[in-house]
Amino acid sequence: MPQIHVDVASSAVKLSVGLTYVGSIAAGAFSTGVEVVHFFTYFGSLGLFSVVIAAVLFTLFPIIGLEYARLTGFYDYGRLVKSLIGEVPYVLFELVYVALVVLFISAVMAAGSQLLTSILGFNPYYGLALMYLVSLLIVILGRRGVLSSEASLTTVKVSIITLATLTIIYLSWGRVTYSMNHVVDPSGWLHNPLGFIESPILYVSYNLVGIPAMASVAQDLSSRRDVVEASLIGGLTLSLMITLEYLATLGYYNYATNPSYPFANLPIYYALVYSRAPYILVILYVVFLYIALLTALVGNINSITYRVEVALKGRRSVRPAVTITVLTVATFIAISGLYNIVSVGYTYLSYAFLALFTVPLASVGAYRVFVRNH
């Protein structure tokens, strides 16, 4: 009987670790579909190969990262990254990491504002102002509640995105198959003939910031098998979501890849509307999207405020000032629009993370895990 209890607890831990990985990535621009359109759908039918590459990397890298953390005992992202790249490059990593978090938050602000503009006809600036006030209120009053229910919220998020995308695919299957047979663009937004191979590598690179978040709750994984199973839960769940978003937006390729259309800023929402999905599902998705955006915002702001508190030796009094500063900077960036944030900001940062984290993890980390440890 005790053994059964241990097995159940172990399964719960692995599920929690896997969902933390999913939750740290499937937020903001991912929840709207903009990221998937830019890095996968843009290539038309060849985007399917991009999805497969991303699926492999999103599952393999957590195995390396978590096992590296387990072997070294470095579960916090500071010691984990420093051991991979050294003290001096780590300073640059911190700067890039903070820039990415701020960009994540600006994407959340832009998506929320765009939703208010599309549904209620708000002026975009009024929409941003409302997002700013609501976000500040949630961070001040609901931070602890949001952080404590992260796993549950991620489960709801995965369920609703899956339901929405499956519905779009079913209702738009003719459009999806047409695009699969007629839309082929190997160069895509990268403008090189191997763009469909490079794009998923860049996408995975900046999203590997989910590994430190994953490692921070992985102390109870006691074996390599535990690590592999937790990574499979996270990687395969994320891969399924990417595949469904890719197929759901592929049928509306011309709308989704053209920034002059509102569709490009909210692909999943507009795909639901254009496919004539049940109205209740559209409402459910909109409500979910706002919850997902606000919870993602809380988690990202918390990561920055906590880092500042640590740097200032626990001075919690700086939290309000840091929160307001980050939200203000992110709001100004959000004025450029969600599509531009992803196509420009995420692109440059993906190269930085490729050099500062992905390559070191694939080399130093993999060597420590698969070679030196044997």
# chains A, B, ... in the order shown; residues from 1 in each chain; ligands from 1
$ residues_around --residues "Thr72 in chain A" --least-positions-apart "4" --cutoff "10 Å" --atoms "only C-alpha atoms" --output "tab-separated table (two decimals) with all heavy atoms, in the first residue's frame"
chain	number	residue	atom	x	y	z
A	66	LEU	N	17.07	18.98	-17.45
A	66	LEU	CA	16.65	18.47	-16.14
A	66	LEU	C	17.66	17.46	-15.59
A	66	LEU	O	17.94	17.44	-14.38
A	66	LEU	CB	15.28	17.82	-16.24
A	66	LEU	CG	14.08	18.75	-16.42
A	66	LEU	CD1	12.78	17.95	-16.35
A	66	LEU	CD2	14.07	19.84	-15.37
A	67	GLU	N	18.18	16.62	-16.46
A	67	GLU	CA	19.18	15.65	-15.99
A	67	GLU	C	20.46	16.36	-15.58
A	67	GLU	O	21.11	15.97	-14.60
A	67	GLU	CB	19.46	14.62	-17.10
A	67	GLU	CG	20.42	13.50	-16.70
A	67	GLU	CD	19.87	12.58	-15.61
A	67	GLU	OE1	18.73	12.80	-15.15
A	67	GLU	OE2	20.59	11.65	-15.22
A	68	TYR	N	20.82	17.41	-16.30
A	68	TYR	CA	21.98	18.22	-15.92
A	68	TYR	C	21.75	18.84	-14.54
A	68	TYR	O	22.64	18.83	-13.69
A	68	TYR	CB	22.20	19.31	-16.96
A	68	TYR	CG	23.44	20.15	-16.73
A	68	TYR	CD1	24.68	19.71	-17.19
A	68	TYR	CD2	23.37	21.36	-16.06
A	68	TYR	CE1	25.83	20.48	-16.98
A	68	TYR	CE2	24.51	22.12	-15.84
A	68	TYR	CZ	25.73	21.68	-16.31
A	68	TYR	OH	26.86	22.43	-16.10
A	79	ARG	N	22.68	29.38	-11.13
A	79	ARG	CA	23.79	28.42	-11.09
A	79	ARG	C	23.77	27.49	-12.30
A	79	ARG	O	24.82	27.10	-12.82
A	79	ARG	CB	23.73	27.60	-9.80
A	79	ARG	CG	24.08	28.38	-8.54
A	79	ARG	CD	24.21	27.45	-7.35
A	79	ARG	NE	22.97	26.72	-7.10
A	79	ARG	CZ	22.89	25.63	-6.32
A	79	ARG	NH1	23.97	25.15	-5.75
A	79	ARG	NH2	21.73	25.04	-6.12
A	80	LEU	N	22.57	27.15	-12.77
A	80	LEU	CA	22.44	26.26	-13.92
A	80	LEU	C	23.10	26.88	-15.16
A	80	LEU	O	23.93	26.24	-15.82
A	80	LEU	CB	20.96	25.99	-14.21
A	80	LEU	CG	20.65	25.06	-15.39
A	80	LEU	CD1	21.05	23.63	-15.05
A	80	LEU	CD2	19.17	25.13	-15.75
A	83	SER	N	27.03	27.54	-14.85
A	83	SER	CA	27.86	26.34	-15.01
A	83	SER	C	28.01	25.95	-16.47
A	83	SER	O	28.95	25.25	-16.84
A	83	SER	CB	27.26	25.18	-14.22
A	83	SER	OG	26.03	24.76	-14.77
A	368	ARG	N	27.99	16.45	-20.35
A	368	ARG	CA	27.94	16.12	-18.91
A	368	ARG	C	26.93	15.01	-18.64
A	368	ARG	O	27.17	14.12	-17.82
A	368	ARG	CB	27.55	17.38	-18.12
A	368	ARG	CG	27.33	17.15	-16.62
A	368	ARG	CD	28.64	16.84	-15.93
A	368	ARG	NE	28.48	16.76	-14.49
A	368	ARG	CZ	28.09	15.67	-13.84
A	368	ARG	NH1	27.79	14.58	-14.52
A	368	ARG	NH2	27.99	15.67	-12.53
A	369	VAL	N	25.81	15.02	-19.36
A	369	VAL	CA	24.73	14.08	-19.12
A	369	VAL	C	25.00	12.72	-19.75
A	369	VAL	O	24.83	11.68	-19.12
A	369	VAL	CB	23.40	14.64	-19.64
A	369	VAL	CG1	22.31	13.56	-19.66
A	369	VAL	CG2	22.96	15.82	-18.78
$ select_by_dssp --residues "range 108-309 of chain A" --states "helix (DSSP H, G or I)" --output "VMD selection string"
chain A and resid 108 to 120 124 to 148 150 to 171 173 to 182 188 to 190 195 to 207 210 to 215 224 to 250 253 to 256 262 to 265 267 to 274 279 to 309
$ residues_around --residues "Leu284 in chain A" --least-positions-apart "5" --cutoff "10 Å" --atoms "only C-alpha atoms" --output "list of chain:residue names"
A:Ile160, A:Ala164, A:Tyr279, A:Leu289
$ residues_around --residues "Ile211 in chain A" --least-positions-apart "3" --cutoff "9 Å" --atoms "only C-alpha atoms" --output "PyMOL selection string"
chain A and resi 21+24+61-62+65-66+77+207-208+214-216
$ closest_residue --among "A:Leu293, A:Ile161, A:Ala218, A:Val102" --to "Thr237 in chain A" --atoms "only C-alpha atoms"
A:Ile161
$ residues_around --residues "Glu229 in chain A" --least-positions-apart "6" --cutoff "9 Å" --atoms "only C-alpha atoms" --output "JSON, numbers by chain"
{"A": [14, 15, 18, 63]}
$ write_last_selection --atoms "N, CA and C atoms" --output "PDB file, in the first residue's frame"
ATOM      1  N   LYS A  14       5.855  14.531 -11.590  1.00  0.00           N
ATOM      2  CA  LYS A  14       6.240  14.568 -13.009  1.00  0.00           C
ATOM      3  C   LYS A  14       5.242  15.371 -13.836  1.00  0.00           C
ATOM      4  N   LEU A  15       3.961  15.210 -13.521  1.00  0.00           N
ATOM      5  CA  LEU A  15       2.933  15.978 -14.222  1.00  0.00           C
ATOM      6  C   LEU A  15       3.100  17.467 -13.954  1.00  0.00           C
ATOM      7  N   GLY A  18       6.125  18.802 -15.899  1.00  0.00           N
ATOM      8  CA  GLY A  18       5.802  18.896 -17.318  1.00  0.00           C
ATOM      9  C   GLY A  18       4.882  20.064 -17.625  1.00  0.00           C
ATOM     10  N   ILE A  63      15.090  16.983 -21.385  1.00  0.00           N
ATOM     11  CA  ILE A  63      15.767  15.806 -20.833  1.00  0.00           C
ATOM     12  C   ILE A  63      17.200  16.164 -20.458  1.00  0.00           C
TER      13      ILE A  63
END
$ closest_residue --among "A:Thr249, A:Thr323, A:Ser343, A:Ser350" --to "Ile140 in chain A" --atoms "only C-alpha atoms"
A:Thr323
$ closest_residue --among "A:Phe74, A:Phe196, A:Phe122, A:Phe332" --to "Ala54 in chain A" --atoms "only C-alpha atoms"
A:Phe196
$ residues_around --residues "Gly44 in chain A" --least-positions-apart "4" --cutoff "12 Å" --atoms "only C-alpha atoms" --output "PyMOL selection string"
chain A and resi 36-40+48-51+176-189+195-196+246-247+249-254+256-257
$ atom_distance --atom1 "CA of Met241 in chain A" --atom2 "CA of Ile304 in chain A"
27.2 Å
